[in-house]
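Student: Provided below: model33.cif, containing mmCIF, C-alpha atoms and all ligand atoms.
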data_start
#
loop_
_atom_site.label_atom_id
_atom_site.label_comp_id
_atom_site.auth_asym_id
_atom_site.auth_seq_id
_atom_site.Cartn_x
_atom_site.Cartn_y
_atom_site.Cartn_z
CA MET A 1 -13.51 -15.61 25.60
CA LEU A 2 -10.15 -16.05 23.88
CA GLY A 3 -10.40 -12.47 22.64
CA PHE A 4 -11.02 -11.24 26.18
CA ILE A 5 -7.98 -13.16 27.48
CA LEU A 6 -5.80 -11.71 24.70
CA TYR A 7 -7.15 -8.23 25.49
CA CYS A 8 -6.26 -8.64 29.19
CA ALA A 9 -2.81 -9.93 28.25
CA ALA A 10 -2.32 -6.88 26.05
CA LEU A 11 -3.33 -4.57 28.90
CA ALA A 12 -0.92 -6.41 31.18
CA LEU A 13 1.85 -5.63 28.69
CA GLY A 14 1.19 -1.96 29.27
CA GLY A 15 -1.00 -1.59 26.21
CA LYS A 16 1.97 -1.88 23.89
CA PHE A 17 0.44 -4.72 21.92
CA VAL A 18 -2.81 -2.84 21.38
CA THR A 19 -1.05 0.42 20.56
CA ALA A 20 1.25 -1.17 18.01
CA ASN A 21 -1.68 -2.73 16.16
CA ASN A 22 -3.70 0.47 16.23
CA ASP A 23 -0.95 2.88 15.27
CA PRO A 24 -2.07 4.78 12.17
CA SER A 25 0.02 3.91 9.15
CA ILE A 26 1.81 6.67 7.30
CA PHE A 27 -0.83 6.32 4.59
CA GLU A 28 -3.65 6.80 7.11
CA ARG A 29 -1.89 9.95 8.27
CA ILE A 30 -1.69 11.12 4.66
CA MET A 31 -5.43 10.44 4.24
CA ALA A 32 -6.11 12.38 7.45
CA GLY A 33 -4.21 15.36 6.04
CA GLU A 34 -1.49 15.16 8.71
CA ILE A 35 1.25 14.50 6.14
CA PRO A 36 1.29 16.23 2.75
CA SER A 37 1.27 14.22 -0.45
CA GLU A 38 0.73 14.70 -4.14
CA MET A 39 -2.70 13.19 -4.66
CA ILE A 40 -3.57 12.29 -8.21
CA TYR A 41 -6.80 10.33 -7.74
CA GLU A 42 -9.24 9.50 -4.98
CA ASP A 43 -12.59 7.84 -4.55
CA ASP A 44 -14.59 6.42 -1.68
CA GLN A 45 -12.40 3.31 -1.43
CA ALA A 46 -8.88 4.36 -2.40
CA ILE A 47 -6.41 7.15 -2.96
CA VAL A 48 -3.51 7.38 -5.40
CA ILE A 49 -0.45 9.46 -4.52
CA LYS A 50 2.96 10.01 -6.05
CA ASP A 51 5.67 7.99 -4.32
CA ILE A 52 7.98 10.20 -2.27
CA ASN A 53 11.03 8.25 -3.48
CA PRO A 54 10.23 7.34 -7.09
CA GLN A 55 11.89 4.28 -8.59
CA ALA A 56 10.76 5.15 -12.12
CA PRO A 57 9.74 8.32 -13.98
CA THR A 58 6.14 7.44 -13.10
CA HIS A 59 5.74 5.89 -9.66
CA VAL A 60 2.46 6.13 -7.83
CA LEU A 61 0.84 4.22 -4.98
CA ILE A 62 -2.73 2.94 -4.99
CA ILE A 63 -3.82 2.75 -1.36
CA PRO A 64 -7.11 1.43 0.02
CA ARG A 65 -8.71 3.69 2.63
CA VAL A 66 -9.16 0.61 4.83
CA LYS A 67 -5.91 -0.53 6.41
CA ILE A 68 -5.06 -4.10 5.47
CA PRO A 69 -1.46 -4.50 6.67
CA LYS A 70 -0.38 -7.00 4.03
CA LEU A 71 -1.99 -8.66 1.03
CA VAL A 72 -2.10 -11.96 2.93
CA ASP A 73 -4.22 -10.26 5.60
CA ALA A 74 -7.00 -9.67 3.07
CA ASN A 75 -9.99 -11.96 3.34
CA ASP A 76 -13.23 -12.68 1.49
CA THR A 77 -14.78 -9.43 2.74
CA HIS A 78 -12.10 -7.54 0.79
CA GLN A 79 -12.75 -9.25 -2.54
CA ALA A 80 -14.57 -6.34 -4.14
CA LEU A 81 -12.05 -3.85 -2.77
CA LEU A 82 -9.11 -5.81 -4.22
CA GLY A 83 -10.82 -5.88 -7.59
CA HIS A 84 -11.50 -2.16 -7.29
CA LEU A 85 -7.80 -1.46 -6.69
CA LEU A 86 -6.93 -3.20 -9.96
CA LEU A 87 -9.57 -1.22 -11.83
CA VAL A 88 -8.16 1.98 -10.29
CA ALA A 89 -4.71 0.92 -11.50
CA GLY A 90 -5.96 0.73 -15.08
CA LYS A 91 -7.85 4.01 -14.77
CA VAL A 92 -4.90 5.85 -13.25
CA ALA A 93 -2.49 4.41 -15.82
CA GLY A 94 -4.76 5.97 -18.43
CA LEU A 95 -4.79 9.30 -16.59
CA LEU A 96 -0.98 9.24 -16.39
CA GLY A 97 -0.58 8.31 -20.05
CA CYS A 98 1.12 4.99 -19.37
CA ALA A 99 -1.72 2.57 -20.08
CA ASP A 100 0.36 0.85 -22.78
CA ALA A 101 3.23 -0.13 -20.48
CA PHE A 102 3.39 -0.19 -16.73
CA ARG A 103 4.33 -2.59 -13.99
CA LEU A 104 2.12 -3.23 -10.98
CA VAL A 105 3.91 -4.34 -7.81
CA ILE A 106 2.74 -5.44 -4.37
CA ASN A 107 5.42 -6.14 -1.79
CA ASN A 108 4.11 -8.56 0.82
CA GLY A 109 6.31 -8.80 3.91
CA ALA A 110 9.53 -7.14 4.98
CA ALA A 111 11.70 -9.75 3.26
CA ALA A 112 9.95 -8.88 0.00
CA GLY A 113 10.69 -5.20 0.47
CA GLN A 114 7.50 -4.04 2.18
CA THR A 115 8.25 -1.04 4.38
CA VAL A 116 4.77 0.40 4.93
CA PHE A 117 2.37 -2.08 6.48
CA HIS A 118 -0.77 -0.78 4.86
CA LEU A 119 -1.53 -2.59 1.61
CA HIS A 120 -0.62 -0.62 -1.49
CA LEU A 121 0.03 -1.23 -5.16
CA HIS A 122 2.92 0.43 -6.93
CA ILE A 123 2.42 1.59 -10.53
CA LEU A 124 5.83 1.94 -12.18
CA ALA A 125 6.22 3.25 -15.71
CA GLY A 126 8.36 5.35 -18.00
CA LYS A 127 11.36 3.08 -18.15
CA GLY A 128 12.08 -0.37 -19.52
CA PHE A 129 11.35 -3.36 -17.34
CA SER A 130 12.76 -6.68 -18.43
CA GLU A 131 11.12 -9.95 -17.55
CA ALA A 132 14.56 -11.16 -16.44
CA GLY A 133 14.66 -8.46 -13.75
CA LEU A 134 11.35 -9.42 -12.22
CA ALA A 135 12.89 -11.23 -9.24
CA SER A 136 16.08 -9.18 -8.95
CA PRO A 137 15.45 -8.19 -5.28
CA PHE A 138 15.56 -11.92 -4.42
CA ASN A 139 18.84 -12.65 -6.24
P1 LIG B 1 6.81 -0.68 0.15
O1 LIG B 1 8.31 -0.66 0.30
O2 LIG B 1 6.12 -0.85 1.49
O3 LIG B 1 6.27 -1.63 -0.89
O4 LIG B 1 6.42 0.74 -0.40
C1 LIG B 1 6.26 1.86 0.42
C2 LIG B 1 6.45 3.05 -0.46
O5 LIG B 1 5.92 4.17 0.23
C3 LIG B 1 7.90 3.34 -0.80
O6 LIG B 1 8.08 3.32 -2.20
C4 LIG B 1 8.12 4.72 -0.21
O7 LIG B 1 8.95 5.54 -1.01
C5 LIG B 1 6.72 5.28 -0.07
N1 LIG B 1 6.55 6.23 1.00
C6 LIG B 1 6.97 6.08 2.29
N2 LIG B 1 6.62 7.16 3.01
C7 LIG B 1 5.97 8.00 2.16
C8 LIG B 1 5.37 9.28 2.34
O8 LIG B 1 5.35 9.87 3.41
N3 LIG B 1 4.78 9.84 1.25
C9 LIG B 1 4.76 9.20 0.03
N4 LIG B 1 4.15 9.85 -1.00
N5 LIG B 1 5.32 7.99 -0.16
C10 LIG B 1 5.92 7.39 0.89
#
Translate this file's structure into structure tokens.

Tutor:
Amino acid sequence: MLGFILYCAALALGGKFVTANNDPSIFERIMAGEIPSEMIYEDDQAIVIKDINPQAPTHVLIIPRVKIPKLVDANDTHQALLGHLLLVAGKVAGLLGCADAFRLVINNGAAAGQTVFHLHLHILAGKGFSEAGLASPFN
């Protein structure tokens, strides 16, 4: 019943609410082939592409095919998928020759630097990362 009321309210707002939530993310558009990308790995649950604006010599994005906007939006049904993404990170780090040293980053929320609201993991490698710099965006 509550869902129906919310749906009606969304329609009353000219469908903007529904449209905003259903807009395909840039990563969904990449998966659909609408936007080109440099794909370096894919399986039935995830893709891995080179970041368009690399922050390190190696910078790739591990992206689940299912759109979860933010990490905090994940729930128990995503448990296996989240584990899979970590296994993909290790596998891809091996493929890229950086298994010995890489940083894995998830930005959750705009204030933490998230700009694409479709969960993704950054693999960064090929340069030194100091423990002291871990929280530098928050300083
Ligand atoms: P966030 O800031 O959300 O954690 O990370 C989003 C990342 O996606 C950024 O590092 C950004 O450079 C990357 N990105 C945004 N648009 C595109 C795109 O169209 N193609 C690729 N390959 N990366 C993108």

Student: Which residue is closest to A:Gly128? Choose from A:Ile63, A:Ala111, A:Ala101, A:Ile68 and count all atoms listed in the file.

Tutor: A:Ala101

Student: Using all atoms listed in the file for the distances, tell me which of A:Leu104, A:Leu95, A:His59, A:Pro69 is nearest to A:Phe27.

Tutor: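 Ranking A:Leu104, A:Leu95, A:His59, A:Pro69 by distance to A:Phe27, first place goes to A:Pro69.
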
Student: Could you list, as a ChimeraX atom specification, all residues that come within 8 Å of ligand LIG 1 (chain B)? Count all atoms listed in the file.

Tutor: /A:26-27,30,35-38,49-55,60-61,105-108,110,113-122

Student: Let's have the selection written as a CSV table (one decimal), in the frame of the given file, with C-alpha atoms.

Tutor:
chain,number,residue,atom,x,y,z
A,26,ILE,CA,1.8,6.7,7.3
A,27,PHE,CA,-0.8,6.3,4.6
A,30,ILE,CA,-1.7,11.1,4.7
A,35,ILE,CA,1.2,14.5,6.1
A,36,PRO,CA,1.3,16.2,2.8
A,37,SER,CA,1.3,14.2,-0.4
A,38,GLU,CA,0.7,14.7,-4.1
A,49,ILE,CA,-0.4,9.5,-4.5
A,50,LYS,CA,3.0,10.0,-6.0
A,51,ASP,CA,5.7,8.0,-4.3
A,52,ILE,CA,8.0,10.2,-2.3
A,53,ASN,CA,11.0,8.2,-3.5
A,54,PRO,CA,10.2,7.3,-7.1
A,55,GLN,CA,11.9,4.3,-8.6
A,60,VAL,CA,2.5,6.1,-7.8
A,61,LEU,CA,0.8,4.2,-5.0
A,105,VAL,CA,3.9,-4.3,-7.8
A,106,ILE,CA,2.7,-5.4,-4.4
A,107,ASN,CA,5.4,-6.1,-1.8
A,108,ASN,CA,4.1,-8.6,0.8
A,110,ALA,CA,9.5,-7.1,5.0
A,113,GLY,CA,10.7,-5.2,0.5
A,114,GLN,CA,7.5,-4.0,2.2
A,115,THR,CA,8.2,-1.0,4.4
A,116,VAL,CA,4.8,0.4,4.9
A,117,PHE,CA,2.4,-2.1,6.5
A,118,HIS,CA,-0.8,-0.8,4.9
A,119,LEU,CA,-1.5,-2.6,1.6
A,120,HIS,CA,-0.6,-0.6,-1.5
A,121,LEU,CA,0.0,-1.2,-5.2
A,122,HIS,CA,2.9,0.4,-6.9

Student: Tell me, in Å to one decimal, how far atom CA of A:Gly126 is from atom CA of A:Thr58.

Tutor: 5.8 Å

Student: Between A:Gly90, A:Arg103, A:Ala112, A:Ala46, which residue has the minimum interatomic distance to A:Glu131, considering all atoms listed in the file?

Tutor: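 Of A:Gly90, A:Arg103, A:Ala112, A:Ala46, the one nearest A:Glu131, counting all atoms listed in the file, is A:Arg103.
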
Student: Report the distance between atom CA of A:Gly109 and atom CA of A:Val72 in Å, rounded to one decimal place.

Tutor: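 Distance reported for this atom pair: 9.0 Å.
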
Student: Rounded to one decimal in Å, what is the spacing between atom CA of A:Val92 and atom CA of A:Asp44?

Tutor: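 Separation between atom CA of A:Val92 and atom CA of A:Asp44: 15.1 Å.
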
Student: Measuring atom to atom with only C-alpha atoms, identify which of A:Phe102, A:Ala32, A:Arg65, A:Gln45 is nearest to A:Ile123.

Tutor: A:Phe102

Student: With all atoms listed in the file as the basis for distance, which of A:Ile62, A:Gly94, A:Asn75, A:Pro57 is at the shortest distance from A:Asp43?

Tutor: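 Smallest separation from A:Asp43 among the options: A:Ile62.
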
Student: Using only C-alpha atoms, which of A:Leu86, A:Val48, A:Met39, A:Ala125 sits nearest A:Asp100?

Tutor: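 So, comparing all the options, the nearest one is A:Ala125.
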
Student: Can you rebuild stretch 24-38 of chain A with N, CA and C atoms and give it as a compact mmCIF listing (two decimals), in the coordinates of the input?

Tutor:
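Ended up saving to rebuild-v5.txt:
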# COMPACT_ATOMS: atom_id res chain seq x y z
N PRO A 24 -1.71 4.46 13.56
CA PRO A 24 -2.07 4.78 12.17
C PRO A 24 -0.86 4.62 11.27
N SER A 25 -1.08 4.04 10.11
CA SER A 25 0.02 3.91 9.15
C SER A 25 0.30 5.28 8.56
N ILE A 26 1.46 5.40 7.93
CA ILE A 26 1.81 6.67 7.30
C ILE A 26 0.76 7.04 6.25
N PHE A 27 0.19 6.04 5.61
CA PHE A 27 -0.83 6.32 4.59
C PHE A 27 -2.13 6.80 5.23
N GLU A 28 -2.47 6.28 6.41
CA GLU A 28 -3.65 6.80 7.11
C GLU A 28 -3.42 8.25 7.51
N ARG A 29 -2.20 8.56 7.89
CA ARG A 29 -1.89 9.95 8.27
C ARG A 29 -1.95 10.87 7.05
N ILE A 30 -1.56 10.34 5.90
CA ILE A 30 -1.69 11.12 4.66
C ILE A 30 -3.18 11.35 4.37
N MET A 31 -3.99 10.31 4.51
CA MET A 31 -5.43 10.44 4.24
C MET A 31 -6.08 11.41 5.21
N ALA A 32 -5.55 11.46 6.43
CA ALA A 32 -6.11 12.38 7.45
C ALA A 32 -5.62 13.81 7.25
N GLY A 33 -4.72 14.02 6.30
CA GLY A 33 -4.21 15.36 6.04
C GLY A 33 -3.08 15.77 6.97
N GLU A 34 -2.57 14.83 7.76
CA GLU A 34 -1.49 15.16 8.71
C GLU A 34 -0.13 15.25 8.01
N ILE A 35 0.00 14.52 6.90
CA ILE A 35 1.25 14.50 6.14
C ILE A 35 0.90 14.87 4.71
N PRO A 36 1.63 15.83 4.13
CA PRO A 36 1.29 16.23 2.75
C PRO A 36 1.65 15.16 1.74
N SER A 37 0.95 15.15 0.64
CA SER A 37 1.27 14.22 -0.45
C SER A 37 0.74 14.81 -1.74
N GLU A 38 1.22 14.27 -2.84
CA GLU A 38 0.73 14.70 -4.14
C GLU A 38 -0.32 13.70 -4.60
